[in-house]
Amino acid sequence: MSAPPLSSTASAAAPSGKRPIGDVILSVQNISLRFGGVRALTNISFDVRQHEVLAIIGPNGAGKSSMLNVINGFYHPQEGKVFHKGKERLKMKPHDAARAGIARTFQNIALFKGMSALDNIMTGRNTMMKSSLLDQMLYWGRAQKEEIAHREFCERIIDFLEIEAIRKTPVGRLPYGLQKRVELGRALAAQPEILLLDEPMAGMNVEEKEDMCRFILDVNDEFGTTMVLIEHDMGVVMDISDRVVVLDYGRKLADGTPHEVRSNPDVIAAYLGGH
Amino acid sequence: MFYREAGQFKASYAADQQIFPIRQDRIAYYTLLAVAFAAVPMVANEYWMATILIPFLVMSIASLGLNILTGYAGQLSLGTGGFMATGAFAAYKLSTWDIGATFGLAEPMHLHMVFVFLGAGVITAAVGVLFGMPSLRIKGFYLAVATLAAQFFLLWLFNKVPWFTNYSTSGVISAPPRELFPGVVITGPMAHPVTKYLFLLSLVVLLALGAKNIMRCHLGRAWMAIRDMDIAAEIIGIRPMRTKLAAFALSSFYCGIAGAAWAFLYTGSVEPLAFSIEVSFKVLFMIIIGGLGSIMGSFLGAAFITLLPVLLTNGPRLLGLNIPVDIISHLEFMIFGALIIFFLIVEPHGLARLWQIAKEKLRLWPFPY
Ligand SMILES: Nc1ncnc2c1ncn2[C@@H]1O[C@H](COP(=O)(O)OP(=O)(O)OP(=O)(O)O)[C@@H](O)[C@H]1O
Ligand SMILES: [Mg+2]
């Protein structure tokens, strides 16, 4: 199959290639998050701009995952504000964030183990499906049409991620690298505006990492999806990100282009163990 | 050799999303339906129909119901008996409701049995949603205990409040005689087992089809997502409250219809005792042995648990052995116990999974690759 990857959505007419970075789409301001005595995040502020790939880096326990959890409403910080598209976002549930166009993947794969790869990806589109209980029980008219339309979209994601052969396999039986790919597929299925990726390449070999980088960049090009990703591999970070935020012990050390960050003395100190 | 999908290509997603994508399965399914609807009523004697097939079908509905909630949506329930009792009493109240008197008509008038069953299901669904509320807060073992409370509370209610039994003094009330079509009696002592069987079978086929369909649509996927990883489900936009309560509603709808069918089509009388905690456990065993999260497993489990006692009582006698009754009932417990442990540890997907493995082997046979 050689269908063009995923190009049926809103962006059908858009030219391929990197889109110019736009306005601030999400802004976190003075976020502080504590778990009992543990200060996971202290006074963190940064902006995420439309169409950019923003990497969050930092040593283990720096608060990177916690930052993503704050963005998608899973953790509620004690202090600070989150602005989404210019509006202050009040305390919200994760499913509200999903409906507002924020999707994510997890550091430890969080797939639905008993379901096939296809069903996992289809579940990513659940929020868009509207047929009633009765329609679904009869599997008639609207329910069937809806299923098939969404199936078509998911098949494009499956083509794009090159996982055609495993679409009917229960994900619990898939190797780690493929599970990560299916999880990306599930997040993409929601056609999110902002995609949060928590260590999408952790535990992968070089080849798998290259594939994953390619998918991330292609998604960013094709749809202009804004990406916030956490990654430990500095080579990867330098290659794919437009901007980098560095966290250390819950504090922000630096924020800038990969080049700027790499030459920042604080960052060098933190990474070379200069505490 | 003959069970192959080679040469059967799917040209559309609609074809790929059929319930039975493999032709041989489709043929087997239609054959089974034909046998159940046409051949069985002709060959089976009335005794077998009334004492084995009808309770088997009723329990299949209950086990479908519990499988929706526990097998698919992952919410453990021990309230099945209570929900079945709700269905039975709702059906009793609905069937004895004189609509004529309520609306000031000259003639007494009663709800048609089809609406009685539907109504019993809907009322039980509402009760199920009510008792499903704790699931928003608690999971697993604690939820099971909460549903156990539903079981005891509901039975206590039907025992204590005389309105439910229409103030009958004896406590045992019988299903009123009603017609399905003019001249065809479906409930009460005059109803013929074949009529009841065919009505029940149609109900079972529709309900099983409904459940199967829903599991290939978004609600079914939402349930499985909540079951497999509730936090991830919420993060991709599934609303936990609605989804869980929908599972309680649909599951209780099925259990309610099963309870009504038990009272109206099987025993002919409505009594709380028939829906004790033992029934809740029995249905749970059915889905564990048959297969959690499998429509077919619901049937296999119901068949196994309703047929095993019959086999154990009649089998040895047919073989000329004379085993005392009490030993047989002990044997029954031992076999159930052993099987439940076996399936929980070795094959949580039950008989249905074993059947699937057998089919996969057959598909490749005689070439292992
Ligand atoms: N739910 C929680 N309850 C208690 N403490 C937490 C919780 N989540 C995170 N923490 C703590 O917050 C700190 C930051 O954790 P976080 O997972 O955000 O780090 P990270 O930068 O993602 O690290 P890693 O690279 O190991 O994934 C850690 O000290 C961690 O123990
Ligand atoms: Mg982390």
# chains A, B, ... in the order shown; residues from 1 in each chain; ligands from 1
$ residues_near_ligand --ligand "ligand 2" --cutoff "12 Å" --atoms "only C-alpha atoms and all ligand atoms" --output "JSON, numbers by chain"
{"A": [40, 56, 57, 58, 59, 60, 61, 62, 63, 64, 65, 66, 67, 68, 69, 105, 106, 107, 108, 109, 197, 198, 199, 200, 202, 229, 230, 231, 232, 247, 250]}
$ interface_residues --of "chain A" --to "chain B" --cutoff "8 Å" --atoms "only C-alpha atoms" --output "MDAnalysis selection string"
chainID A and resid 72 74 94:99 103:104 110:115 119 123:124 126:127 129 133 136:139 143 147:148 151:152 187 190
$ closest_residue --among "A:Tyr271, A:Tyr176, A:Phe215, A:Tyr249" --to "ligand 1" --atoms "only C-alpha atoms and all ligand atoms"
A:Tyr249
$ select_by_dssp --residues "stretch 70-293 of chain B" --states "strand (DSSP E or B)" --output "number ranges by chain"
B: 173-174, 178-181, 184-187, 269-270
$ atom_distance --atom1 "atom CA of A:Gly86" --atom2 "atom CA of A:Gly256"
21.6 Å
$ atom_distance --atom1 "atom CA of B:Val325" --atom2 "atom CA of B:Gly259"
28.5 Å
